[in-house]
Every structure is written in C-alpha cells, then in structure tokens.
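Dumped protein.cif below, it's mmCIF, C-alpha atoms and all ligand atoms:
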```
data_target
#
loop_
_atom_site.group_PDB
_atom_site.id
_atom_site.type_symbol
_atom_site.label_atom_id
_atom_site.label_comp_id
_atom_site.auth_asym_id
_atom_site.auth_seq_id
_atom_site.Cartn_x
_atom_site.Cartn_y
_atom_site.Cartn_z
ATOM 1 C CA MET A 28 16.799 -0.290 -5.921
ATOM 2 C CA ASP A 29 13.617 -1.491 -4.207
ATOM 3 C CA ASN A 30 13.433 1.600 -1.988
ATOM 4 C CA THR A 31 12.580 3.755 -5.032
ATOM 5 C CA LEU A 32 9.435 1.755 -5.855
ATOM 6 C CA PRO A 33 6.009 3.369 -5.309
ATOM 7 C CA LYS A 34 5.144 0.881 -2.535
ATOM 8 C CA ASN A 35 8.105 2.256 -0.525
ATOM 9 C CA THR A 36 7.879 5.946 -1.464
ATOM 10 C CA ILE A 37 4.155 6.825 -1.598
ATOM 11 C CA ARG A 38 2.839 7.149 1.946
ATOM 12 C CA TYR A 39 -0.258 9.365 1.896
ATOM 13 C CA CYS A 40 -3.570 9.281 0.061
ATOM 14 C CA PRO A 41 -3.443 12.072 -2.608
ATOM 15 C CA LYS A 42 -7.202 12.667 -2.152
ATOM 16 C CA CYS A 43 -7.708 12.932 1.638
ATOM 17 C CA GLY A 44 -4.117 12.933 2.967
ATOM 18 C CA SER A 45 -4.596 9.885 5.218
ATOM 19 C CA SER A 46 -1.549 7.765 6.013
ATOM 20 C CA ASP A 47 -3.808 4.714 6.155
ATOM 21 C CA PHE A 48 -2.959 4.158 2.509
ATOM 22 C CA LEU A 49 -2.088 0.578 1.719
ATOM 23 C CA PHE A 50 -0.226 -0.900 -1.212
ATOM 24 C CA LYS A 51 -1.983 -3.783 -2.954
ATOM 25 C CA GLU A 52 0.118 -6.257 -4.851
ATOM 26 C CA ASP A 53 -1.413 -5.196 -8.214
ATOM 27 C CA HIS A 54 0.451 -1.850 -8.519
ATOM 28 C CA SER A 55 -2.279 0.076 -6.782
ATOM 29 C CA PHE A 56 -2.994 1.655 -3.398
ATOM 30 C CA LEU A 57 -6.240 1.690 -1.439
ATOM 31 C CA CYS A 58 -7.091 4.382 1.127
ATOM 32 C CA ASN A 59 -8.783 2.889 4.183
ATOM 33 C CA LYS A 60 -10.181 6.293 5.179
ATOM 34 C CA CYS A 61 -11.843 7.557 1.945
ATOM 35 C CA GLN A 62 -11.666 4.336 -0.154
ATOM 36 C CA PHE A 63 -9.789 6.125 -2.956
ATOM 37 C CA HIS A 64 -8.029 3.613 -5.221
ATOM 38 C CA LEU A 65 -4.801 4.888 -6.825
ATOM 39 C CA TYR A 66 -3.333 2.951 -9.750
ATOM 40 C CA ILE A 67 0.354 3.280 -10.696
ATOM 41 C CA ASN A 68 0.564 3.407 -14.505
ATOM 42 C CA SER A 69 3.261 3.792 -17.139
ATOM 43 C CA ALA A 70 3.732 7.215 -18.714
ATOM 44 C CA ALA A 71 3.853 7.208 -22.524
ATOM 45 C CA ALA A 72 7.029 8.384 -24.233
ATOM 46 C CA VAL A 73 8.175 8.457 -27.863
ATOM 47 C CA ALA A 74 11.559 7.695 -29.448
ATOM 48 C CA ALA A 75 12.608 8.493 -33.017
ATOM 49 C CA LEU A 76 14.701 6.203 -35.233
ATOM 50 C CA ILE A 77 16.255 8.442 -37.886
ATOM 51 C CA VAL A 78 18.801 7.224 -40.453
ATOM 52 C CA ASN A 79 20.925 9.336 -42.815
ATOM 53 C CA ASP A 80 21.777 8.340 -46.409
ATOM 54 C CA LYS A 81 24.896 6.482 -45.198
ATOM 55 C CA GLY A 82 22.722 4.199 -43.063
ATOM 56 C CA GLU A 83 23.860 5.745 -39.767
ATOM 57 C CA ILE A 84 21.444 6.155 -36.847
ATOM 58 C CA LEU A 85 20.932 9.575 -35.261
ATOM 59 C CA PHE A 86 21.619 9.675 -31.501
ATOM 60 C CA THR A 87 21.332 12.565 -29.080
ATOM 61 C CA ARG A 88 23.551 13.289 -26.064
ATOM 62 C CA ARG A 89 21.505 13.989 -22.920
ATOM 63 C CA ALA A 90 22.042 17.385 -21.232
ATOM 64 C CA ILE A 91 19.874 16.558 -18.198
ATOM 65 C CA GLU A 92 19.342 13.819 -15.626
ATOM 66 C CA PRO A 93 18.582 10.960 -15.657
ATOM 67 C CA HIS A 94 21.518 9.595 -17.681
ATOM 68 C CA LYS A 95 23.080 13.046 -18.246
ATOM 69 C CA GLY A 96 25.948 12.851 -20.798
ATOM 70 C CA MET A 97 24.814 9.501 -22.179
ATOM 71 C CA LEU A 98 23.429 8.613 -25.595
ATOM 72 C CA ASP A 99 19.701 8.587 -26.250
ATOM 73 C CA LEU A 100 17.292 8.594 -29.155
ATOM 74 C CA PRO A 101 15.452 11.836 -29.975
ATOM 75 C CA GLY A 102 12.110 11.936 -28.169
ATOM 76 C CA GLY A 103 10.498 12.407 -24.793
ATOM 77 C CA PHE A 104 7.292 12.209 -22.796
ATOM 78 C CA VAL A 105 3.862 12.485 -24.362
ATOM 79 C CA ASP A 106 2.084 15.436 -22.732
ATOM 80 C CA ILE A 107 -1.289 15.012 -21.060
ATOM 81 C CA MET A 108 -4.028 14.916 -23.765
ATOM 82 C CA GLU A 109 -1.419 14.853 -26.557
ATOM 83 C CA SER A 110 -1.151 12.125 -29.231
ATOM 84 C CA ALA A 111 2.045 10.078 -29.570
ATOM 85 C CA GLU A 112 2.361 11.319 -33.163
ATOM 86 C CA ASN A 113 2.199 14.952 -32.085
ATOM 87 C CA ALA A 114 4.715 14.336 -29.303
ATOM 88 C CA LEU A 115 7.082 12.760 -31.852
ATOM 89 C CA ILE A 116 6.905 15.731 -34.243
ATOM 90 C CA ARG A 117 7.157 18.234 -31.370
ATOM 91 C CA GLU A 118 10.122 16.569 -29.625
ATOM 92 C CA ILE A 119 12.185 16.177 -32.813
ATOM 93 C CA LYS A 120 11.607 19.843 -33.619
ATOM 94 C CA GLU A 121 12.422 20.941 -30.041
ATOM 95 C CA GLU A 122 15.588 18.849 -29.681
ATOM 96 C CA LEU A 123 17.069 18.908 -33.193
ATOM 97 C CA ASN A 124 15.181 21.536 -35.223
ATOM 98 C CA LEU A 125 14.153 18.811 -37.700
ATOM 99 C CA ASP A 126 10.797 18.701 -39.487
ATOM 100 C CA ILE A 127 9.484 15.190 -40.066
ATOM 101 C CA ASN A 128 8.124 14.269 -43.491
ATOM 102 C CA SER A 129 6.779 10.843 -42.614
ATOM 103 C CA PHE A 130 6.973 8.297 -39.826
ATOM 104 C CA LYS A 131 5.993 4.698 -39.187
ATOM 105 C CA TYR A 132 5.441 2.820 -35.911
ATOM 106 C CA PHE A 133 8.267 0.338 -35.163
ATOM 107 C CA MET A 134 7.980 -1.174 -31.637
ATOM 108 C CA SER A 135 7.425 -0.392 -27.970
ATOM 109 C CA SER A 136 9.535 -1.138 -24.918
ATOM 110 C CA PRO A 137 8.793 -0.673 -21.190
ATOM 111 C CA ASN A 138 11.224 1.124 -18.914
ATOM 112 C CA GLU A 139 11.827 2.020 -15.275
ATOM 113 C CA TYR A 140 14.119 4.865 -14.351
ATOM 114 C CA ILE A 141 14.909 6.623 -11.113
ATOM 115 C CA PHE A 142 13.983 10.309 -11.069
ATOM 116 C CA GLY A 143 14.365 12.346 -7.869
ATOM 117 C CA GLY A 144 14.776 9.104 -5.918
ATOM 118 C CA LEU A 145 11.504 7.646 -7.201
ATOM 119 C CA SER A 146 10.856 4.945 -9.793
ATOM 120 C CA VAL A 147 9.134 6.302 -12.893
ATOM 121 C CA PHE A 148 7.623 3.782 -15.288
ATOM 122 C CA THR A 149 7.348 4.534 -18.996
ATOM 123 C CA LEU A 150 6.294 2.827 -22.176
ATOM 124 C CA ASP A 151 8.555 4.009 -24.987
ATOM 125 C CA LEU A 152 6.940 3.980 -28.438
ATOM 126 C CA ALA A 153 9.514 3.935 -31.229
ATOM 127 C CA TYR A 154 8.857 5.311 -34.721
ATOM 128 C CA ILE A 155 11.024 5.255 -37.833
ATOM 129 C CA CYS A 156 11.089 8.891 -38.968
ATOM 130 C CA HIS A 157 12.142 10.595 -42.183
ATOM 131 C CA PRO A 158 13.101 14.274 -41.898
ATOM 132 C CA LYS A 159 12.557 16.613 -44.848
ATOM 133 C CA THR A 160 16.229 17.629 -44.657
ATOM 134 C CA PHE A 161 19.163 17.490 -42.222
ATOM 135 C CA ASN A 162 20.324 20.974 -43.313
ATOM 136 C CA TYR A 163 19.052 22.874 -40.277
ATOM 137 C CA ILE A 164 19.857 20.274 -37.598
ATOM 138 C CA HIS A 165 21.198 21.558 -34.305
ATOM 139 C CA ALA A 166 21.106 20.349 -30.692
ATOM 140 C CA LYS A 167 18.960 22.338 -28.257
ATOM 141 C CA ASP A 168 16.437 21.948 -25.434
ATOM 142 C CA ASP A 169 17.411 19.002 -23.185
ATOM 143 C CA ILE A 170 20.170 17.621 -25.410
ATOM 144 C CA SER A 171 23.756 18.885 -25.634
ATOM 145 C CA ASP A 172 24.807 17.290 -28.909
ATOM 146 C CA TYR A 173 23.895 14.762 -31.602
ATOM 147 C CA GLU A 174 25.831 12.182 -33.597
ATOM 148 C CA PHE A 175 25.250 9.727 -36.439
ATOM 149 C CA ILE A 176 26.517 6.225 -35.605
ATOM 150 C CA SER A 177 26.822 3.186 -37.882
ATOM 151 C CA PRO A 178 24.568 0.291 -36.732
ATOM 152 C CA ASN A 179 27.739 -1.866 -36.512
ATOM 153 C CA LEU A 180 29.469 0.530 -34.112
ATOM 154 C CA ILE A 181 26.825 1.507 -31.571
ATOM 155 C CA PRO A 182 28.411 1.796 -28.071
ATOM 156 C CA TYR A 183 25.492 0.197 -26.200
ATOM 157 C CA ASN A 184 27.139 0.785 -22.803
ATOM 158 C CA GLN A 185 26.843 4.541 -23.467
ATOM 159 C CA ILE A 186 23.066 4.398 -23.972
ATOM 160 C CA GLY A 187 21.277 5.533 -20.809
ATOM 161 C CA GLY A 188 17.877 3.858 -20.914
ATOM 162 C CA GLU A 189 17.381 0.071 -21.047
ATOM 163 C CA SER A 190 14.337 0.437 -23.312
ATOM 164 C CA ILE A 191 16.295 2.671 -25.727
ATOM 165 C CA LYS A 192 19.069 0.045 -25.774
ATOM 166 C CA ARG A 193 16.511 -2.673 -26.649
ATOM 167 C CA ILE A 194 14.849 -0.580 -29.362
ATOM 168 C CA THR A 195 18.194 0.413 -30.881
ATOM 169 C CA LYS A 196 19.505 -3.187 -30.899
ATOM 170 C CA THR A 197 16.365 -4.432 -32.639
ATOM 171 C CA PHE A 198 16.462 -1.627 -35.186
ATOM 172 C CA ALA A 199 20.227 -1.958 -35.860
ATOM 173 C CA LYS A 200 19.777 -5.703 -36.549
ATOM 174 C CA LYS A 201 16.989 -4.899 -39.003
ATOM 175 C CA ILE A 202 18.845 -2.224 -41.018
ATOM 176 C CA ILE A 203 22.400 -3.548 -40.838
ATOM 177 C CA HIS A 204 22.056 -5.302 -44.205
ATOM 178 C CA GLU A 205 19.936 -2.641 -45.881
ATOM 179 C CA TYR A 206 22.749 -0.181 -46.560
HETATM 180 ZN ZN ZN B 1 -8.027 8.883 1.235
#
```
Once you've parsed the file, please lay out its structure as structure tokens.
Amino acid sequence: MDNTLPKNTIRYCPKCGSSDFLFKEDHSFLCNKCQFHLYINSAAAVAALIVNDKGEILFTRRAIEPHKGMLDLPGGFVDIMESAENALIREIKEELNLDINSFKYFMSSPNEYIFGGLSVFTLDLAYICHPKTFNYIHAKDDISDYEFISPNLIPYNQIGGESIKRITKTFAKKIIHEY
C-alpha cells in the first residue's frame, strides 16, 4: 500500500503551491522555492474501554468508512485545541449517549489507515472508563450498533483497526481473570 503514503501522494507545497517539493526521509517535505518545511505527524485519537458488571467489553459497530460494518471501541479523533479527556467524554456521549463518571489512562497504540486513498497516521490513546449508568445507552452518530463481548470471545478478525486490536488484546488479557 506504498502508493498511499505521503511521499507518493503529496506533490505541492501547501504554502506557495510549488511542485518543487521534496520528500526527506524523516517524514517531512522541504519546498525548494519558499523553503517551507512540512512535517507529517500523527493525529491524536481516543478509545474507551468500558466493561459491564458481567465483565464484558463494550464494542461499537462502525457505520462509516474506514472499516464500515466492523467492530471498534467507542472514541474518535481529538479536535484541534481539544484535550484528550474532553474528546473521550464528548465521543462517548455522541456515539452511545453515555455519561462518564471516571476514567483512567491505560495505553497508547500507533495506527495507519487509508482514508480517501491516503495514509492517515494516528496515535490512539486508550482509557478505562466507568459510565454513571448504562440505562440510556443507544447507538448514534458514526456507529450503527453496540455490543458487549466477553474478553474470552472477542472476534479479533472483526475489529477494523490494528491499534484497536492491540489495545483490546492487552486489555482482555488484563481483565480476563478479574471477573
Ligand atoms: Zn513553497
């Protein structure tokens, strides 16, 4: 999938429009006309690990590309000038109508996915979250459904993102003996 990488898809300087815009091997570009230096960075995203009182993990079903129809964790991109904590609370409310009582940082995992034919790089920050109640849960926004799955029975081949797979495997191993 090399042809989706920035070095093969970004051709013009975003500042002056010159095509004399060369990829450096450190994930950056340098414009030979205006000397602008563009760095390709990871976008921050959050993922929520939520467990019910039976010890099952809450998954969402994606309604949009990439990975439409596949399993995911609740969460999404951190907006510009937003904190990861705020993004976590906002995304869980938007997707599942859940209010979070407390949360604790768990781990991070890098990811690359193809969006509109281009590679997008993310750093997914996972938090263990405790909702006030599950009473008002319903799927909306960019998810079509949700399901609680036992950590022993997670169908990893149905999880869209590699980073979400890694986070879920690590978390399932940790909680499998706790319930
Ligand atoms: Zn330029």
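All residues of protein, DNA or RNA that reach within 9 Å of Leu57 (chain A), judged by only C-alpha atoms and not counting those fewer than 6 positions away in the chain, are Cys40, Asp47, Phe48, Leu49, Phe50, Lys51, Phe63, His64, Leu65 and Tyr66 of chain A.
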query: Between A:Ile37, A:Leu150, A:Ala75, A:Cys61, which is the closest to ligand ZN 1 (chain B) once you count all atoms listed in the file?
result: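 Once distances to ligand ZN 1 (chain B) are computed over all atoms listed in the file, the minimum belongs to A:Cys61.
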- request: Report as a list in words the full result of the PyMOL selection byres (((not hetatm)) within 7 of (chain B and resi 1)) when it is applied to this structure.
  value: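 On this input, the PyMOL selection byres (((not hetatm)) within 7 of (chain B and resi 1)) captures Cys40, Pro41, Lys42, Cys43, Gly44, Ser45, Cys58, Asn59, Lys60, Cys61, Gln62 and Phe63 of chain A.
The coordinates place CA of Glu189 (chain A) at 15.4 Å from CA of Thr87 (chain A).
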Could you spell out the hits of the PyMOL selection byres (((chain A and resi 193-204) around 10) and not hetatm) on the shown file, as a short mmCIF file (atom, residue, chain, number, x, y, z; two decimals) with C-alpha atoms, in the frame of the given file?
```cif
data_model
loop_
_atom_site.label_atom_id
_atom_site.label_comp_id
_atom_site.auth_asym_id
_atom_site.auth_seq_id
_atom_site.Cartn_x
_atom_site.Cartn_y
_atom_site.Cartn_z
CA ALA A 74 11.56 7.70 -29.45
CA LEU A 76 14.70 6.20 -35.23
CA VAL A 78 18.80 7.22 -40.45
CA GLY A 82 22.72 4.20 -43.06
CA GLU A 83 23.86 5.74 -39.77
CA ILE A 84 21.44 6.16 -36.85
CA PHE A 86 21.62 9.68 -31.50
CA ASP A 99 19.70 8.59 -26.25
CA LEU A 100 17.29 8.59 -29.16
CA PHE A 133 8.27 0.34 -35.16
CA MET A 134 7.98 -1.17 -31.64
CA SER A 135 7.42 -0.39 -27.97
CA SER A 136 9.54 -1.14 -24.92
CA PRO A 137 8.79 -0.67 -21.19
CA ASP A 151 8.56 4.01 -24.99
CA LEU A 152 6.94 3.98 -28.44
CA ALA A 153 9.51 3.94 -31.23
CA TYR A 154 8.86 5.31 -34.72
CA ILE A 155 11.02 5.26 -37.83
CA SER A 177 26.82 3.19 -37.88
CA PRO A 178 24.57 0.29 -36.73
CA ASN A 179 27.74 -1.87 -36.51
CA LEU A 180 29.47 0.53 -34.11
CA ILE A 181 26.82 1.51 -31.57
CA TYR A 183 25.49 0.20 -26.20
CA ILE A 186 23.07 4.40 -23.97
CA GLY A 188 17.88 3.86 -20.91
CA GLU A 189 17.38 0.07 -21.05
CA SER A 190 14.34 0.44 -23.31
CA ILE A 191 16.30 2.67 -25.73
CA LYS A 192 19.07 0.04 -25.77
CA GLU A 205 19.94 -2.64 -45.88
CA TYR A 206 22.75 -0.18 -46.56
#
```
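For the structure in this document, the set picked by the PyMOL selection byres (((chain A and resi 102) around 8) and not hetatm) is A:Ala72, A:Val73, A:Ala74, A:Ala75, A:Leu100, A:Pro101, A:Gly103, A:Phe104, A:Ala114, A:Leu115, A:Glu118, A:Ile119, A:Glu122.
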- prompt: Of the candidates A:Leu32, A:Gly143, A:Leu123, A:Lys131, which one gets nearest to His165 (chain A) if we count all atoms listed in the file?
  reply: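 With all atoms listed in the file as the atom set, the closest residue is A:Leu123.
Of the listed residues (A:Val105, A:Ile141, A:Leu85, A:Ala90), A:Leu85 comes nearest to His157 (chain A); the distances count only C-alpha atoms.
Between CA of Arg89 (chain A) and CA of Phe175 (chain A) there is a distance of 14.7 Å.
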